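Participant: Encoded as structure tokens, here's the structure I'll be asking about.
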Amino acid sequence: MVASALYKKLIRDLWRMRGQVLAIGLIMASGIGILIMGLATVESLDETARAYYERYRFGHVFARVKRAPERLAAQIGALPGVQTVETRVVANAVLDIAGFEEPVVAELVSLPTHREAKLNLVAVRSGRMPRPRSTDEALVSEPFAEAHGLQVGDRIRAILNGSWRELRIVGVALSPEYVYAIGPGALMPDDARFGVLWLDEALLQAAFDLDGAFNAVSLYLLRGTNPDIVIDELDRLLDRYGSVGAYARDDQTSNWFLMNEIEQLRTLSYFLPAIFLAVAAFLTNMVLMRLIAMERSEIGLLKAFGYSNREIGIHYFKFVLAIGVIGVLLGAAAGYWFGWYSTRLYAEFFRFPFLLFRPGPTAFVIGALVGIVSALGGAYRAVRSAVALPPAEAMRPPSPPLFRRTFAQVAVVQRVEQLTRIILRQIVRYPMRSFTTCFGISMSVAVLVLSMQWLDAVDHIVDVYFRQAQSQDVTVSFTEPRTFEAARALGRLPGVLAVEPMRVVPAKLRVGLREQREALQGLPAEQTLYRVYDASGRALALPDEGLMISSMLAKMLGVGRGDLITVETLEGRREVAQLRVAGIFETYMGSPAYIEIGALARLMKERPTLTSVHLRVDATRQSALVRELKTLPGITAITLKAAAIQMFDETMAQSMLIFVTLFIFFSCALAFGVTYNAARIALSERGRELATLRVLGFTRAEISYLLLGEVALLGLLALPLGSFIGWLLGRATVRGFETELFRVPFVLEPSTFGIAISVASVATLFSALFVRRRIDRLDLIAVLKTRE
């Protein structure tokens, strides 16, 4: 009977406060939804990637050489822990695509002539595999084919080792090796300017003078094998054949980008839900405290009729639990849908041939537990106050708040008209209640500032890295090192205004037990086209001796200015020397190490050479220059800076747009929920007062101003507070997303604050208008009949 009566009261309370319950549930659902979305997406991407790698036998260890005989494969296969060996020919080529004038680079990968491939299998999406010993058939990567509208049967032209050859597309494919396909020197995938072509092994061996030999090898290891041990043995075998050092799957470019993205998403899925759940806990406490204040006499009657403190406490905990269940159910549904949607977008971006979206119960259990615990935690103080009320005291109305004449009231409150004075007194009399409302609205602004800060950061990276640091228009890369005469020859081409050489040498950098594989980039001491540029805005001159390294590389090696680094070059004579750190600079991209190009030649004990040339060109003659560059032999890549900027912008904009759109939705839900709860509770508490004022002749507009003006003023105070909190959260967040590839700068443009404030204000206004409808429908007679 007792349980039945309290159960009926619970149902009545939930129905009577359904709007507020749903609003808090929506805020809680936002946090739970983000948490489940992130965890489900991470789980699905990780499962999809691992299934893809296993199904198509993606290698565990990779190595490149200049030229090694096929008989060496048997020795590699005999290494402890090696299960399968696959030797290949891999080379870069310049392509000529009909209707596309800009330079296109492809990576050519061989397919075994007399057998099926053992590792790094391709998933044929349409068409078929090239026939054995075919001289003109090719498989093309699906993203590249889609970017150019290529279909089975189309033809493209490629320069194979200095000779033009026409190739016929017989199939379109994907490969686990190129989930994230990046061209030479690029930072982002550019499907229009970089693709992968698979051709018969005999064709590539003949084209690149590698008959009976290979220049790339992949290994599949036995379960439990330490790849580092295999890499050491493999390097020993390949050392004499021009190896630049073997590396594990973790360091393979495509896999590294994919796993790094998954890890960042995992970090995001834990950090941001905390904001929404904290606000939901605040609101739960606020709603319950006001509900208990309104039901003091009812609590007293319940205790007088024999209800225990435990039963009353459980009753109010059930009320909170109902809110939590609503939030969990809505959050689980939203999290599942957003998780499926974001996983599908990631699958399209990373080009998986299949998608496994089957999130396990872990994400939903974690989301439910976090949601329920946050709701119950927020309600604990309110429930405790209800239980602690003695019956006699509960039967009496609460004592009115003390009124004291303060300086603020004399200086401000007394100088405004009467309705505004009532609003100000209401805020001052209930400071914690006012702060909760103000804090909730401010968090919606903070979430928007936090999410949109990333757009400002990306714009800043593009400006510093591409526009301030780089003045070249075209970069030409060669297959083999060339003398400086190659730069002078390019300088004589029509339309070339300036040239600058660059020499890149792969190397191992060691300090004690720490080792990093990094390319030494040789540049002139005073650069004019491709500058060594500090993120603070300074172009740096390279010293005659020593290294200029990025702060990220210095951090990974644990060195400072003046320290010695052991450098082992992985080309030529493989010279080993100790070089001093001449300077450390900050950069947003990668972990580069620069050296004066003459000092690099002395380190290599060779005459000065280059591997690429930066060109500044006449914009009106750039197209003609590119067409001529395509015909020159020995060129492995032609990169346009304008195209690199465009691709960077498009790629980042695609991912950032999804991110920002989601958080605009969630922040609007936050602002709406907070405002609606504050206004509805105030209406419930002050209904008699407002009805009395209406009877005394106040208009609906004046009554609305009296109620909603309080919310509007608190919302106005919340805007600068939210901007400041967003600034703090943004600063803390960028530190958590620092990787070897990217350092996100903390940049916030004034327009970002303006947009965030505008969006939050619109959501708050919409919520206020929703409550205004209830004021207009206020039943004056029913309200005035209620007992004080």
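Residues in the structure tokens are numbered from 1 in each chain, the chains being A, B, ... in the order shown, and ligands are numbered from 1 in the order shown.
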Out of region 384-617 of chain A, which residues get strand (DSSP E) from DSSP, as a PyMOL selection string?

Facilitator: chain A and resi 474-483+496-511+514-523+532-534+538-540+547-550+564-569+576-585+593-596+609-617

Participant: Can you write just those residues out, C-alpha atoms, as a PDB file, in the first residue's frame?

Facilitator:
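Writing done, so here's part_18.pdb:
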ATOM      1  CA  VAL A 474      56.253  23.880 -57.787  1.00  0.00           C
ATOM      2  CA  THR A 475      58.508  21.201 -56.283  1.00  0.00           C
ATOM      3  CA  VAL A 476      60.218  18.691 -58.567  1.00  0.00           C
ATOM      4  CA  SER A 477      61.546  15.446 -57.051  1.00  0.00           C
ATOM      5  CA  PHE A 478      64.037  13.107 -58.731  1.00  0.00           C
ATOM      6  CA  THR A 479      64.367   9.341 -58.631  1.00  0.00           C
ATOM      7  CA  GLU A 480      68.088   9.496 -57.805  1.00  0.00           C
ATOM      8  CA  PRO A 481      70.325  12.266 -56.381  1.00  0.00           C
ATOM      9  CA  ARG A 482      71.421  14.787 -59.025  1.00  0.00           C
ATOM     10  CA  THR A 483      74.149  17.379 -59.214  1.00  0.00           C
ATOM     11  CA  VAL A 496      60.850  29.618 -63.952  1.00  0.00           C
ATOM     12  CA  LEU A 497      61.745  32.695 -61.899  1.00  0.00           C
ATOM     13  CA  ALA A 498      63.845  31.143 -59.100  1.00  0.00           C
ATOM     14  CA  VAL A 499      65.151  27.740 -58.005  1.00  0.00           C
ATOM     15  CA  GLU A 500      66.344  26.312 -54.694  1.00  0.00           C
ATOM     16  CA  PRO A 501      67.915  22.866 -54.216  1.00  0.00           C
ATOM     17  CA  MET A 502      67.072  20.386 -51.477  1.00  0.00           C
ATOM     18  CA  ARG A 503      68.724  17.102 -50.503  1.00  0.00           C
ATOM     19  CA  VAL A 504      66.833  14.560 -48.392  1.00  0.00           C
ATOM     20  CA  VAL A 505      68.687  11.647 -46.773  1.00  0.00           C
ATOM     21  CA  PRO A 506      66.978   9.042 -44.555  1.00  0.00           C
ATOM     22  CA  ALA A 507      68.819   8.613 -41.270  1.00  0.00           C
ATOM     23  CA  LYS A 508      68.695   7.141 -37.795  1.00  0.00           C
ATOM     24  CA  LEU A 509      69.155   9.638 -34.973  1.00  0.00           C
ATOM     25  CA  ARG A 510      70.300   8.162 -31.651  1.00  0.00           C
ATOM     26  CA  VAL A 511      70.810   9.586 -28.193  1.00  0.00           C
ATOM     27  CA  ARG A 514      66.495   6.555 -27.780  1.00  0.00           C
ATOM     28  CA  GLU A 515      66.362   6.244 -31.552  1.00  0.00           C
ATOM     29  CA  GLN A 516      64.246   7.959 -34.185  1.00  0.00           C
ATOM     30  CA  ARG A 517      64.124   7.377 -37.922  1.00  0.00           C
ATOM     31  CA  GLU A 518      63.977  10.785 -39.572  1.00  0.00           C
ATOM     32  CA  ALA A 519      64.968  12.341 -42.891  1.00  0.00           C
ATOM     33  CA  LEU A 520      67.804  14.873 -42.851  1.00  0.00           C
ATOM     34  CA  GLN A 521      66.674  17.770 -45.027  1.00  0.00           C
ATOM     35  CA  GLY A 522      69.544  19.686 -46.568  1.00  0.00           C
ATOM     36  CA  LEU A 523      68.838  23.301 -47.546  1.00  0.00           C
ATOM     37  CA  VAL A 532      63.125  26.707 -41.976  1.00  0.00           C
ATOM     38  CA  TYR A 533      60.318  28.543 -40.233  1.00  0.00           C
ATOM     39  CA  ASP A 534      59.533  28.804 -36.549  1.00  0.00           C
ATOM     40  CA  ARG A 538      60.715  33.720 -37.750  1.00  0.00           C
ATOM     41  CA  ALA A 539      62.677  32.370 -40.722  1.00  0.00           C
ATOM     42  CA  LEU A 540      65.849  30.682 -39.457  1.00  0.00           C
ATOM     43  CA  LEU A 547      71.478  20.268 -36.859  1.00  0.00           C
ATOM     44  CA  MET A 548      68.444  22.504 -36.563  1.00  0.00           C
ATOM     45  CA  ILE A 549      65.696  20.261 -35.170  1.00  0.00           C
ATOM     46  CA  SER A 550      62.043  20.664 -34.282  1.00  0.00           C
ATOM     47  CA  LEU A 564      75.216  15.710 -29.421  1.00  0.00           C
ATOM     48  CA  ILE A 565      73.165  13.365 -31.617  1.00  0.00           C
ATOM     49  CA  THR A 566      74.603  10.257 -33.266  1.00  0.00           C
ATOM     50  CA  VAL A 567      73.508  10.349 -36.914  1.00  0.00           C
ATOM     51  CA  GLU A 568      73.613   7.234 -39.100  1.00  0.00           C
ATOM     52  CA  THR A 569      72.762   7.974 -42.724  1.00  0.00           C
ATOM     53  CA  VAL A 576      77.982   7.612 -38.826  1.00  0.00           C
ATOM     54  CA  ALA A 577      78.843  10.900 -37.122  1.00  0.00           C
ATOM     55  CA  GLN A 578      77.998  12.943 -34.078  1.00  0.00           C
ATOM     56  CA  LEU A 579      76.344  16.274 -34.803  1.00  0.00           C
ATOM     57  CA  ARG A 580      75.583  19.017 -32.332  1.00  0.00           C
ATOM     58  CA  VAL A 581      72.094  20.473 -31.942  1.00  0.00           C
ATOM     59  CA  ALA A 582      72.647  24.028 -33.184  1.00  0.00           C
ATOM     60  CA  GLY A 583      69.057  25.152 -32.611  1.00  0.00           C
ATOM     61  CA  ILE A 584      65.517  24.044 -31.792  1.00  0.00           C
ATOM     62  CA  PHE A 585      62.416  25.530 -33.368  1.00  0.00           C
ATOM     63  CA  ALA A 593      65.667  17.851 -38.844  1.00  0.00           C
ATOM     64  CA  TYR A 594      67.432  20.393 -41.085  1.00  0.00           C
ATOM     65  CA  ILE A 595      71.092  20.697 -42.013  1.00  0.00           C
ATOM     66  CA  GLU A 596      72.964  23.039 -44.333  1.00  0.00           C
ATOM     67  CA  THR A 609      73.777  16.806 -54.683  1.00  0.00           C
ATOM     68  CA  LEU A 610      70.048  17.311 -54.585  1.00  0.00           C
ATOM     69  CA  THR A 611      66.950  15.131 -54.635  1.00  0.00           C
ATOM     70  CA  SER A 612      64.391  17.861 -55.266  1.00  0.00           C
ATOM     71  CA  VAL A 613      64.199  21.438 -56.499  1.00  0.00           C
ATOM     72  CA  HIS A 614      61.771  24.128 -55.411  1.00  0.00           C
ATOM     73  CA  LEU A 615      60.644  26.475 -58.179  1.00  0.00           C
ATOM     74  CA  ARG A 616      59.009  29.876 -58.178  1.00  0.00           C
ATOM     75  CA  VAL A 617      57.234  30.272 -61.497  1.00  0.00           C
TER      76      VAL A 617
END

Participant: Got a sec: who's within 9 Å of region 257-261 of chain A, counting only C-alpha atoms, leaving out chain neighbours fewer than 5 positions off, as a list in words?

Facilitator: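 Contacts, with the query itself left out: Asp46, Ala49, Val179, Tyr180, Asp250, Gln252, Arg266, Phe350, Thr739 and Leu741 of chain A.
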
Participant: Neighbours of Ile231 (chain A) within 12 Å (only C-alpha atoms; same-chain residues fewer than 6 positions away dropped), as a list in words?

Facilitator: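 Neighbouring residues, sequence-local ones excluded: His60, Val61, Phe62, Ala63, Ile76, Leu79, Pro80, Gly81, Val82, Val217, Ser218, Leu219, Tyr220, Leu221, Thr225, Leu237, Leu238, Asp239, Ser243, Val244, Gly245, Ala246, Tyr247, Ala248 and Arg249 of chain A.
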
Participant: What gap, in Å, lies between CA of Leu121 (chain A) and CA of Asp211 (chain A)?

Facilitator: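 The value is 22.7 Å.
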
Participant: When you look at Leu6 (chain A) with a cut-off of 9 Å (counting only C-alpha atoms), what residues show up, excluding the ones that are within fewer than 5 positions of it in the same chain? I need them as a ChimeraX atom specification.

Facilitator: /A:1,11,311-312,315

Participant: So that I can see what lies close to Leu204 (chain A), please list as a tab-separated table (two decimals) with N, CA and C atoms, in the first residue's frame the residues with an atom at most 10 Å from it, counting only C-alpha atoms and leaving out residues fewer than 3 positions away in the same chain.

Facilitator:
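Result file selection_37.tsv:
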chain	number	residue	atom	x	y	z
A	88	ARG	N	58.84	-7.71	-53.90
A	88	ARG	CA	58.10	-6.95	-54.91
A	88	ARG	C	59.01	-5.91	-55.56
A	89	VAL	N	58.48	-5.33	-56.61
A	89	VAL	CA	59.08	-4.14	-57.22
A	89	VAL	C	58.10	-3.00	-56.99
A	90	VAL	N	58.58	-1.92	-56.36
A	90	VAL	CA	57.76	-0.74	-56.09
A	90	VAL	C	58.50	0.48	-56.60
A	91	ALA	N	57.83	1.31	-57.38
A	91	ALA	CA	58.46	2.50	-57.94
A	91	ALA	C	57.41	3.59	-58.16
A	108	LEU	N	53.74	2.47	-58.34
A	108	LEU	CA	53.58	1.24	-59.10
A	108	LEU	C	54.00	0.07	-58.23
A	109	VAL	N	53.14	-0.90	-58.09
A	109	VAL	CA	53.40	-2.06	-57.23
A	109	VAL	C	53.25	-3.33	-58.06
A	110	SER	N	54.22	-4.23	-57.93
A	110	SER	CA	54.19	-5.44	-58.75
A	110	SER	C	53.27	-6.50	-58.16
A	111	LEU	N	52.69	-7.32	-59.05
A	111	LEU	CA	51.92	-8.49	-58.68
A	111	LEU	C	52.68	-9.72	-59.19
A	135	THR	N	51.80	-6.81	-70.67
A	135	THR	CA	52.70	-5.65	-70.77
A	135	THR	C	51.98	-4.32	-70.73
A	160	LEU	N	57.61	5.06	-67.29
A	160	LEU	CA	58.27	3.98	-66.57
A	160	LEU	C	59.76	4.07	-66.84
A	161	ASN	N	60.50	4.59	-65.82
A	161	ASN	CA	61.95	4.71	-65.91
A	161	ASN	C	62.39	5.50	-67.14
A	198	TRP	N	48.72	-1.37	-59.80
A	198	TRP	CA	49.32	-2.70	-59.66
A	198	TRP	C	49.52	-3.30	-61.05
A	199	LEU	N	50.76	-3.70	-61.35
A	199	LEU	CA	51.11	-4.24	-62.66
A	199	LEU	C	51.83	-5.58	-62.48
A	200	ASP	N	51.95	-6.31	-63.56
A	200	ASP	CA	52.64	-7.60	-63.51
A	200	ASP	C	54.10	-7.41	-63.14
A	201	GLU	N	54.62	-8.31	-62.31
A	201	GLU	CA	55.99	-8.19	-61.82
A	201	GLU	C	57.01	-8.19	-62.94
A	207	ALA	N	61.08	-2.92	-66.80
A	207	ALA	CA	61.06	-1.47	-66.96
A	207	ALA	C	62.09	-0.79	-66.07
A	208	PHE	N	62.38	-1.34	-64.91
A	208	PHE	CA	63.28	-0.69	-63.96
A	208	PHE	C	64.58	-1.46	-63.76
A	209	ASP	N	64.93	-2.29	-64.75
A	209	ASP	CA	66.21	-3.02	-64.74
A	209	ASP	C	66.39	-3.83	-63.46
A	210	LEU	N	65.36	-4.57	-63.10
A	210	LEU	CA	65.40	-5.38	-61.89
A	210	LEU	C	65.09	-6.85	-62.19
A	211	ASP	N	65.52	-7.33	-63.36
A	211	ASP	CA	65.29	-8.73	-63.71
A	211	ASP	C	65.94	-9.64	-62.66
A	214	PHE	N	64.52	-7.62	-56.65
A	214	PHE	CA	63.39	-6.89	-56.05
A	214	PHE	C	63.94	-5.66	-55.35

Participant: Please provide the set of residues having any atom within 9 Å of Trp727 (chain A), restricted to only C-alpha atoms, with same-chain residues fewer than 2 positions apart removed, written as JSON, numbers by chain.

Facilitator: {"A": [446, 449, 450, 453, 722, 723, 724, 725, 729, 730, 731, 732, 748]}

Participant: Excluding same-chain residues fewer than 6 positions from Phe666 (chain A), what lies within 10 Å of it counting only C-alpha atoms, as a VMD selection string?

Facilitator: chain A and resid 26 to 27 29 to 31 33 to 34 276 444 447 to 448 660 672

Participant: What does the file look like for those residues with all heavy atoms, as a short mmCIF file (atom, residue, chain, number, x, y, z; two decimals), in the first residue's frame?

Facilitator:
data_model
loop_
_atom_site.label_atom_id
_atom_site.label_comp_id
_atom_site.auth_asym_id
_atom_site.auth_seq_id
_atom_site.Cartn_x
_atom_site.Cartn_y
_atom_site.Cartn_z
N LEU A 26 17.53 15.21 -22.18
CA LEU A 26 18.19 15.53 -23.45
C LEU A 26 19.65 15.92 -23.22
O LEU A 26 20.54 15.54 -24.00
CB LEU A 26 17.45 16.66 -24.16
CG LEU A 26 16.14 16.27 -24.86
CD1 LEU A 26 15.44 17.52 -25.40
CD2 LEU A 26 16.42 15.29 -26.00
N ILE A 27 19.89 16.72 -22.15
CA ILE A 27 21.27 17.11 -21.87
C ILE A 27 22.10 15.88 -21.50
O ILE A 27 23.22 15.69 -21.97
CB ILE A 27 21.30 18.14 -20.72
CG1 ILE A 27 20.61 19.43 -21.17
CG2 ILE A 27 22.74 18.44 -20.31
CD1 ILE A 27 20.45 20.45 -20.08
N ALA A 29 21.41 12.86 -22.36
CA ALA A 29 21.52 12.05 -23.57
C ALA A 29 22.62 12.55 -24.48
O ALA A 29 23.28 11.76 -25.18
CB ALA A 29 20.18 12.04 -24.32
N SER A 30 22.85 13.88 -24.48
CA SER A 30 23.93 14.43 -25.31
C SER A 30 25.28 13.89 -24.86
O SER A 30 26.09 13.45 -25.68
CB SER A 30 23.92 15.96 -25.23
OG SER A 30 22.71 16.49 -25.73
N GLY A 31 25.52 13.93 -23.54
CA GLY A 31 26.78 13.41 -23.04
C GLY A 31 26.92 11.91 -23.26
O GLY A 31 27.96 11.44 -23.71
N GLY A 33 25.32 10.13 -25.46
CA GLY A 33 25.38 9.89 -26.90
C GLY A 33 26.78 10.08 -27.45
O GLY A 33 27.26 9.28 -28.26
N ILE A 34 27.46 11.17 -27.01
CA ILE A 34 28.84 11.40 -27.47
C ILE A 34 29.75 10.27 -26.99
O ILE A 34 30.61 9.78 -27.74
CB ILE A 34 29.35 12.75 -26.95
CG1 ILE A 34 28.55 13.91 -27.54
CG2 ILE A 34 30.83 12.94 -27.29
CD1 ILE A 34 28.89 15.25 -26.95
N PHE A 276 28.83 17.58 -20.60
CA PHE A 276 27.37 17.47 -20.61
C PHE A 276 26.85 16.78 -19.36
O PHE A 276 25.83 17.19 -18.79
CB PHE A 276 26.92 16.71 -21.85
CG PHE A 276 27.14 17.46 -23.13
CD1 PHE A 276 28.32 17.32 -23.84
CD2 PHE A 276 26.17 18.30 -23.62
CE1 PHE A 276 28.53 18.02 -25.01
CE2 PHE A 276 26.37 19.00 -24.79
CZ PHE A 276 27.54 18.86 -25.49
N SER A 444 27.16 25.81 -22.75
CA SER A 444 26.78 25.65 -24.16
C SER A 444 27.66 26.54 -25.05
O SER A 444 28.06 26.14 -26.15
CB SER A 444 25.31 25.99 -24.36
OG SER A 444 25.06 27.36 -24.14
N VAL A 447 31.23 24.88 -25.16
CA VAL A 447 31.32 23.73 -26.07
C VAL A 447 31.47 24.21 -27.51
O VAL A 447 32.26 23.65 -28.29
CB VAL A 447 30.09 22.82 -25.91
CG1 VAL A 447 30.02 21.79 -27.03
CG2 VAL A 447 30.10 22.12 -24.57
N LEU A 448 30.74 25.24 -27.88
CA LEU A 448 30.85 25.78 -29.24
C LEU A 448 32.22 26.40 -29.48
O LEU A 448 32.84 26.18 -30.54
CB LEU A 448 29.76 26.81 -29.48
CG LEU A 448 28.39 26.27 -29.88
CD1 LEU A 448 27.36 27.39 -29.92
CD2 LEU A 448 28.46 25.58 -31.24
N VAL A 660 32.10 19.84 -35.96
CA VAL A 660 31.48 21.09 -35.51
C VAL A 660 29.95 20.99 -35.58
O VAL A 660 29.24 21.47 -34.69
CB VAL A 660 31.99 22.28 -36.36
CG1 VAL A 660 31.21 23.55 -36.03
CG2 VAL A 660 33.48 22.50 -36.11
N PHE A 672 19.12 24.96 -24.56
CA PHE A 672 17.67 24.84 -24.48
C PHE A 672 17.26 24.19 -23.16
O PHE A 672 16.36 24.65 -22.47
CB PHE A 672 17.15 24.00 -25.66
CG PHE A 672 15.66 23.80 -25.65
CD1 PHE A 672 14.83 24.73 -26.27
CD2 PHE A 672 15.08 22.71 -25.02
CE1 PHE A 672 13.45 24.57 -26.25
CE2 PHE A 672 13.71 22.53 -24.99
CZ PHE A 672 12.89 23.47 -25.62
#

Participant: Rounded to one decimal in Å, what is the spacing between CA of Ile703 (chain A) and CA of Ile775 (chain A)?

Facilitator: 7.9 Å

Participant: Using only C-alpha atoms for the distances, tell me which of A:Met432, A:Ile182, A:Leu301, A:Arg310 is nearest to Ser254 (chain A).

Facilitator: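 For Ser254 (chain A), the nearest of the candidates is A:Ile182.
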
Participant: Could you please determine the separation between CA of Tyr430 (chain A) and CA of Val771 (chain A) in Å, to one decimal place?

Facilitator: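 Taking CA of Tyr430 (chain A) and CA of Val771 (chain A), their separation equals 20.9 Å.
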
Participant: Which residue out of A:Arg561, A:Ala701, A:Asp473, A:Pro592 has the minimum interatomic distance to Lys641 (chain A) when only C-alpha atoms are used?

Facilitator: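 Of A:Arg561, A:Ala701, A:Asp473, A:Pro592, the one nearest Lys641 (chain A) is A:Asp473, counting only C-alpha atoms.
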
Participant: Which residue out of A:Ala624, A:Ala599, A:Ala535, A:Leu14 has the minimum interatomic distance to Pro103 (chain A) when only C-alpha atoms are used?

Facilitator: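 Result for the nearest residue to Pro103 (chain A): A:Ala624.
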
Participant: Would you please give, as a PyMOL selection string, all residues of region 223-339 of chain A that DSSP assigns to alpha helix (DSSP H) based on the backbone?

Facilitator: chain A and resi 227-238+253-271+273-294+296-304+309-339

Participant: Set out as a tab-separated table a contact list for region 647-755 of chain A and region 436-441 of chain A with a cut-off of 10 Å, giving each residue of region 647-755 of chain A that qualifies its closest atom pair and distance in Å to one decimal, counting only C-alpha atoms, ordered by chain and rising residue number.

Facilitator:
residue	atom	partner	partner_atom	distance
A:Ser667	CA	A:Ile441	CA	9.1
A:Cys668	CA	A:Ile441	CA	9.6
A:Leu670	CA	A:Ile441	CA	7.2
A:Ala671	CA	A:Ile441	CA	5.2
A:Phe672	CA	A:Ile441	CA	8.4
A:Gly673	CA	A:Gly440	CA	8.8
A:Val674	CA	A:Gly440	CA	5.8
A:Thr675	CA	A:Thr437	CA	7.2
A:Tyr676	CA	A:Thr437	CA	10.0
A:Asn677	CA	A:Thr437	CA	8.6
A:Ala678	CA	A:Thr437	CA	6.4
A:Ala679	CA	A:Thr437	CA	9.6
A:Val711	CA	A:Thr437	CA	7.8
A:Ala712	CA	A:Cys438	CA	9.8
A:Leu713	CA	A:Cys438	CA	9.0
A:Leu714	CA	A:Cys438	CA	5.2
A:Gly715	CA	A:Cys438	CA	6.0
A:Leu716	CA	A:Cys438	CA	8.5
A:Leu717	CA	A:Cys438	CA	6.8
A:Ala718	CA	A:Cys438	CA	5.0
A:Leu719	CA	A:Ile441	CA	7.8
A:Leu721	CA	A:Phe439	CA	7.9
A:Gly722	CA	A:Ile441	CA	7.5
A:Ile725	CA	A:Phe439	CA	9.8

Participant: Using only C-alpha atoms, which residue out of A:Glu146, A:Glu485, A:Glu107, A:Glu137 lies closest to Arg125 (chain A)?

Facilitator: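 Smallest separation from Arg125 (chain A) among the options: A:Glu146.
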